[in-house]
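Participant: Structure provided below as C-alpha cells; questions to follow.
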Amino acid sequence: MPTTLGQTQYGKAETRVVRVTRDGGTHHLKDLNVSVALSGAMEAVHLSGSNAAVLPTDTMKNTVLAFAKKYGIASAEDFGLLLARHFVTAQTSIHHARIRVEEYAWERAPGDSGHSFVRRGGEVRTAEVAFDGERCQVVAGLTGLVVLNSTDSEFWGFARDPYTTLPETRDRVLATEVDARWRYAWSGGDAPAPAWDDAWARARGDLLAAFAGTYSYSLQQTLYAMGSRVVENSTADAAVDEVRLSLPNKHHFLADLAPFGLANDDEVYFAADRPYGLIEGTVLRDGAEARLPVTG
C-alpha cells in the first residue's frame with residue numbers, strides 16, 4: 001500500500017546549561033534544561049536520506065550554550081524566544097521552532113559569602129515558546145509544587161455503585177502536587193514583551209492563594225478556583241488566556257490507632273502515594289480559544 005509522510009519534527013532534547021553571572025563577589029545562577037524541536041521543509045531527509053536541509057542537533061546544543069554566553073539568561077521565556085526566533089530566521093528550511101525550558105531554582109546557602117547555593121525543593125519552573133516566523137506563543141508553568149490544607153476540605157454526596165466503599169467526610173486533609181501551564185495572550189509583533197519573571201511569580205502566587213483560600217468540597221472545585229484566579233488577576237500587559245492544571249490527589253487517610261489503645265482525634269494520618277486520584281482541567285478567559293494540549 002502507498003504511504004504518505006505526515007508531520008515531522010526533530011531537535012536536541014535536554015541540553016543542561018548553567019549560567020553564572022558574576023557581579024563582583026556576588027554570583028547569580030540560572031540553571032536550565034532546554035529542549036529544541038524544529039519542523040519545516042525537511043521531507044527529503046525522510047524520503048531520500050538527503051541531509052541538505054537538516055541542521056545537526058549538535059549545532060542546536062552548541063547554540064544553546066553559546067547564546068547563554070552571548071546574551072545571558074534574563075528569564076526562561078526570554079531565552080526561549082531568542083532561540084526560537086534564531087532557528088526560524090537563520091535557516092530557510094526551518095518554518096517552526098518550539099523551545100521547552102525547565103528552570104531549577106537555587107537559593108543562597110546559610111552563611112553565603114556570595115557564591116554558595118542550595119537547590120530549592122522539587123519545584124521546577126517551565127516555559128514553552130513557539131515561533132512560526134510571524135507569531136509567538138508563550139506558555140509558562142511549574143511542576144512539583146506540593147501543597148496541603150490540613151482542614152477546610154470535605155468530600156461527600158458523591159455517586160455510588162456496588163463497588164463504592166469510600167466513606168463520606170466533612171473534614172479531611174487535602175494535598176496535591178501542582179502541575180500547571182498557562183498561556184499568555186501576547187504573541188509578539190510590536191507589543192512589548194511582558195516582564196516574564198514578574199508575571200510568573202504573580203501566577204504562582206495566585207495558584208497558592210486560591211488553594212489556601214478555597215473551602216473545598218472537591219479537588220475539582222479547587223482546580224477551577226486556582227485557574228480562575230490566575231486568569232482574573234493577570235495584568236493587561238501579561239494577560240493569561242488559558243490555564244491547564246493537573247492535580248493528583250495526595251490521599252491522607254486517618255490512621256487506625258485503636259488496636260494500640262490510642263484515640264486519633266484527626267491528628268495522625270497515613271500518607272498513601274498510590275494509587276491516587278488525578279484531577280485535570282482547563283480554565284479559559286471568556287472568548288479565548290483552547291490551545292493547550294490535554295496531554296503532553
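Just so we're on the same page: first chain in the C-alpha cells is A, next is B, and so on; residues restart at 1 for each chain, and ligands are numbered from 1 in the order they show up.
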Mind running region 41-103 of chain A against region 134-149 of chain A at 9 Å and telling me each contacting residue's nearest atom pair with the distance in Å (one decimal), counting only C-alpha atoms, chain and number ascending, as CSV?
Facilitator:
```
residue,atom,partner,partner_atom,distance
A:Ala76,CA,A:Ala140,CA,8.8
A:Glu77,CA,A:Val138,CA,7.2
A:Gly80,CA,A:Val138,CA,9.0
A:Leu81,CA,A:Cys136,CA,8.0
A:Ala84,CA,A:Cys136,CA,8.9
A:Arg85,CA,A:Cys136,CA,8.9
A:Glu102,CA,A:Leu142,CA,8.5
```
Participant: Tell me which of A:Leu223, A:Glu242, A:Lys250, A:Asp286 sits closest to Arg274 (chain A), counting only C-alpha atoms.
Facilitator: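 With only C-alpha atoms as the atom set, the closest residue is A:Lys250.
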Participant: From region 134-216 of chain A, collect each residue whose DSSP state is alpha helix (DSSP H) and return the set as a short mmCIF file (atom, residue, chain, number, x, y, z; two decimals) with all heavy atoms, in the first residue's frame.
Facilitator:
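Resulting contents of states29.cif:
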```cif
data_model
loop_
_atom_site.label_atom_id
_atom_site.label_comp_id
_atom_site.auth_asym_id
_atom_site.auth_seq_id
_atom_site.Cartn_x
_atom_site.Cartn_y
_atom_site.Cartn_z
N TRP A 196 8.57 38.77 32.24
CA TRP A 196 8.23 37.36 32.42
C TRP A 196 8.38 36.88 33.87
O TRP A 196 7.54 36.14 34.38
CB TRP A 196 9.08 36.50 31.49
CG TRP A 196 8.88 36.79 30.04
CD1 TRP A 196 9.80 37.29 29.16
CD2 TRP A 196 7.67 36.59 29.28
NE1 TRP A 196 9.25 37.43 27.91
CE2 TRP A 196 7.95 37.01 27.94
CE3 TRP A 196 6.40 36.12 29.58
CZ2 TRP A 196 7.00 36.95 26.94
CZ3 TRP A 196 5.45 36.07 28.58
CH2 TRP A 196 5.75 36.48 27.27
N ASP A 197 9.46 37.29 34.53
CA ASP A 197 9.66 36.84 35.91
C ASP A 197 8.54 37.33 36.81
O ASP A 197 8.04 36.58 37.66
CB ASP A 197 11.01 37.33 36.44
CG ASP A 197 12.19 36.54 35.88
OD1 ASP A 197 11.96 35.48 35.27
OD2 ASP A 197 13.34 37.00 36.05
N ASP A 198 8.15 38.58 36.65
CA ASP A 198 7.06 39.13 37.48
C ASP A 198 5.74 38.42 37.18
O ASP A 198 4.97 38.13 38.10
CB ASP A 198 6.91 40.63 37.21
CG ASP A 198 8.10 41.44 37.71
OD1 ASP A 198 8.88 40.91 38.53
OD2 ASP A 198 8.26 42.60 37.27
N ALA A 199 5.48 38.17 35.88
CA ALA A 199 4.22 37.52 35.51
C ALA A 199 4.17 36.10 36.06
O ALA A 199 3.11 35.64 36.55
CB ALA A 199 4.08 37.50 33.98
N TRP A 200 5.30 35.38 35.99
CA TRP A 200 5.34 34.01 36.52
C TRP A 200 5.14 34.01 38.03
O TRP A 200 4.37 33.21 38.57
CB TRP A 200 6.67 33.35 36.16
CG TRP A 200 6.76 31.92 36.60
CD1 TRP A 200 6.34 30.81 35.90
CD2 TRP A 200 7.30 31.43 37.85
NE1 TRP A 200 6.57 29.68 36.63
CE2 TRP A 200 7.16 30.02 37.83
CE3 TRP A 200 7.86 32.04 38.95
CZ2 TRP A 200 7.58 29.23 38.89
CZ3 TRP A 200 8.28 31.25 40.02
CH2 TRP A 200 8.13 29.85 39.98
N ALA A 201 5.82 34.91 38.72
CA ALA A 201 5.69 34.96 40.18
C ALA A 201 4.26 35.30 40.60
O ALA A 201 3.74 34.75 41.58
CB ALA A 201 6.67 35.98 40.75
N ARG A 202 3.60 36.19 39.85
CA ARG A 202 2.23 36.55 40.16
C ARG A 202 1.30 35.35 39.96
O ARG A 202 0.42 35.08 40.81
CB ARG A 202 1.78 37.72 39.29
CG ARG A 202 0.36 38.20 39.57
CD ARG A 202 0.08 39.54 38.91
NE ARG A 202 0.42 39.57 37.51
CZ ARG A 202 1.44 40.26 37.00
NH1 ARG A 202 2.23 40.97 37.78
NH2 ARG A 202 1.67 40.24 35.69
N ALA A 203 1.47 34.62 38.88
CA ALA A 203 0.63 33.45 38.63
C ALA A 203 0.85 32.39 39.70
O ALA A 203 -0.11 31.78 40.19
CB ALA A 203 0.92 32.88 37.24
N ARG A 204 2.10 32.14 40.06
CA ARG A 204 2.38 31.17 41.12
C ARG A 204 1.72 31.59 42.43
O ARG A 204 1.12 30.78 43.14
CB ARG A 204 3.89 31.03 41.32
CG ARG A 204 4.29 30.02 42.40
CD ARG A 204 5.80 30.01 42.58
NE ARG A 204 6.24 28.98 43.52
CZ ARG A 204 6.28 29.12 44.84
NH1 ARG A 204 5.89 30.29 45.38
NH2 ARG A 204 6.69 28.14 45.63
N GLY A 205 1.82 32.88 42.75
CA GLY A 205 1.18 33.38 43.96
C GLY A 205 -0.32 33.22 43.93
O GLY A 205 -0.96 32.89 44.95
N ASP A 206 -0.92 33.43 42.76
CA ASP A 206 -2.37 33.26 42.63
C ASP A 206 -2.78 31.80 42.82
O ASP A 206 -3.82 31.51 43.43
CB ASP A 206 -2.84 33.77 41.27
CG ASP A 206 -2.79 35.28 41.17
OD1 ASP A 206 -2.86 35.95 42.21
OD2 ASP A 206 -2.66 35.80 40.04
N LEU A 207 -1.99 30.88 42.27
CA LEU A 207 -2.29 29.46 42.48
C LEU A 207 -2.29 29.11 43.97
O LEU A 207 -3.20 28.44 44.47
CB LEU A 207 -1.26 28.60 41.76
CG LEU A 207 -1.29 28.60 40.22
CD1 LEU A 207 -0.06 27.89 39.67
CD2 LEU A 207 -2.56 27.93 39.70
N LEU A 208 -1.26 29.59 44.68
CA LEU A 208 -1.16 29.29 46.10
C LEU A 208 -2.29 29.96 46.89
O LEU A 208 -2.87 29.35 47.80
CB LEU A 208 0.20 29.76 46.63
CG LEU A 208 1.42 28.97 46.14
CD1 LEU A 208 2.70 29.63 46.61
CD2 LEU A 208 1.36 27.52 46.62
N ALA A 209 -2.59 31.22 46.57
CA ALA A 209 -3.63 31.93 47.29
C ALA A 209 -4.99 31.27 47.11
O ALA A 209 -5.78 31.16 48.06
CB ALA A 209 -3.67 33.39 46.84
N ALA A 210 -5.27 30.83 45.89
CA ALA A 210 -6.56 30.18 45.63
C ALA A 210 -6.65 28.83 46.34
O ALA A 210 -7.70 28.47 46.87
CB ALA A 210 -6.78 30.01 44.13
N PHE A 211 -5.54 28.08 46.35
CA PHE A 211 -5.56 26.80 47.05
C PHE A 211 -5.80 27.01 48.54
O PHE A 211 -6.62 26.33 49.16
CB PHE A 211 -4.25 26.05 46.83
CG PHE A 211 -4.20 24.72 47.55
CD1 PHE A 211 -4.77 23.60 46.98
CD2 PHE A 211 -3.59 24.60 48.79
CE1 PHE A 211 -4.76 22.37 47.64
CE2 PHE A 211 -3.56 23.39 49.46
CZ PHE A 211 -4.15 22.27 48.88
N ALA A 212 -5.10 27.98 49.12
CA ALA A 212 -5.21 28.22 50.55
C ALA A 212 -6.56 28.83 50.92
O ALA A 212 -7.09 28.57 52.01
CB ALA A 212 -4.08 29.14 51.02
N GLY A 213 -7.13 29.64 50.04
CA GLY A 213 -8.32 30.40 50.39
C GLY A 213 -9.63 29.79 49.98
O GLY A 213 -10.69 30.38 50.23
#
```
Participant: Name the residues in contact with Tyr10 (chain A) at a cut-off of 10 Å, using only C-alpha atoms, excluding same-chain residues fewer than 2 positions from it; report them as a PyMOL selection string.
Facilitator: chain A and resi 8+12-13+36-40+42+54-57+97
Participant: Can you tell me which residues surround Pro248 (chain A) at a distance of at most 9 Å, considering only C-alpha atoms, apart from same-chain residues fewer than 2 positions away, and format the answer as a list in words?
Facilitator: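 Near Pro248 (chain A), the qualifying residues are Ala175, Thr176, Glu177, Val178, Asp179, Ser246, Lys250, His251, Tyr276, Gly277, Leu278, Ile279 and Glu280 of chain A.
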Participant: Which neighbours of Val283 (chain A) fall inside 10 Å, counting only C-alpha atoms, when residues of the same chain fewer than 6 positions from it are skipped, and could you give them as a PyMOL selection string?
Facilitator: chain A and resi 182+223-231+241-245+290
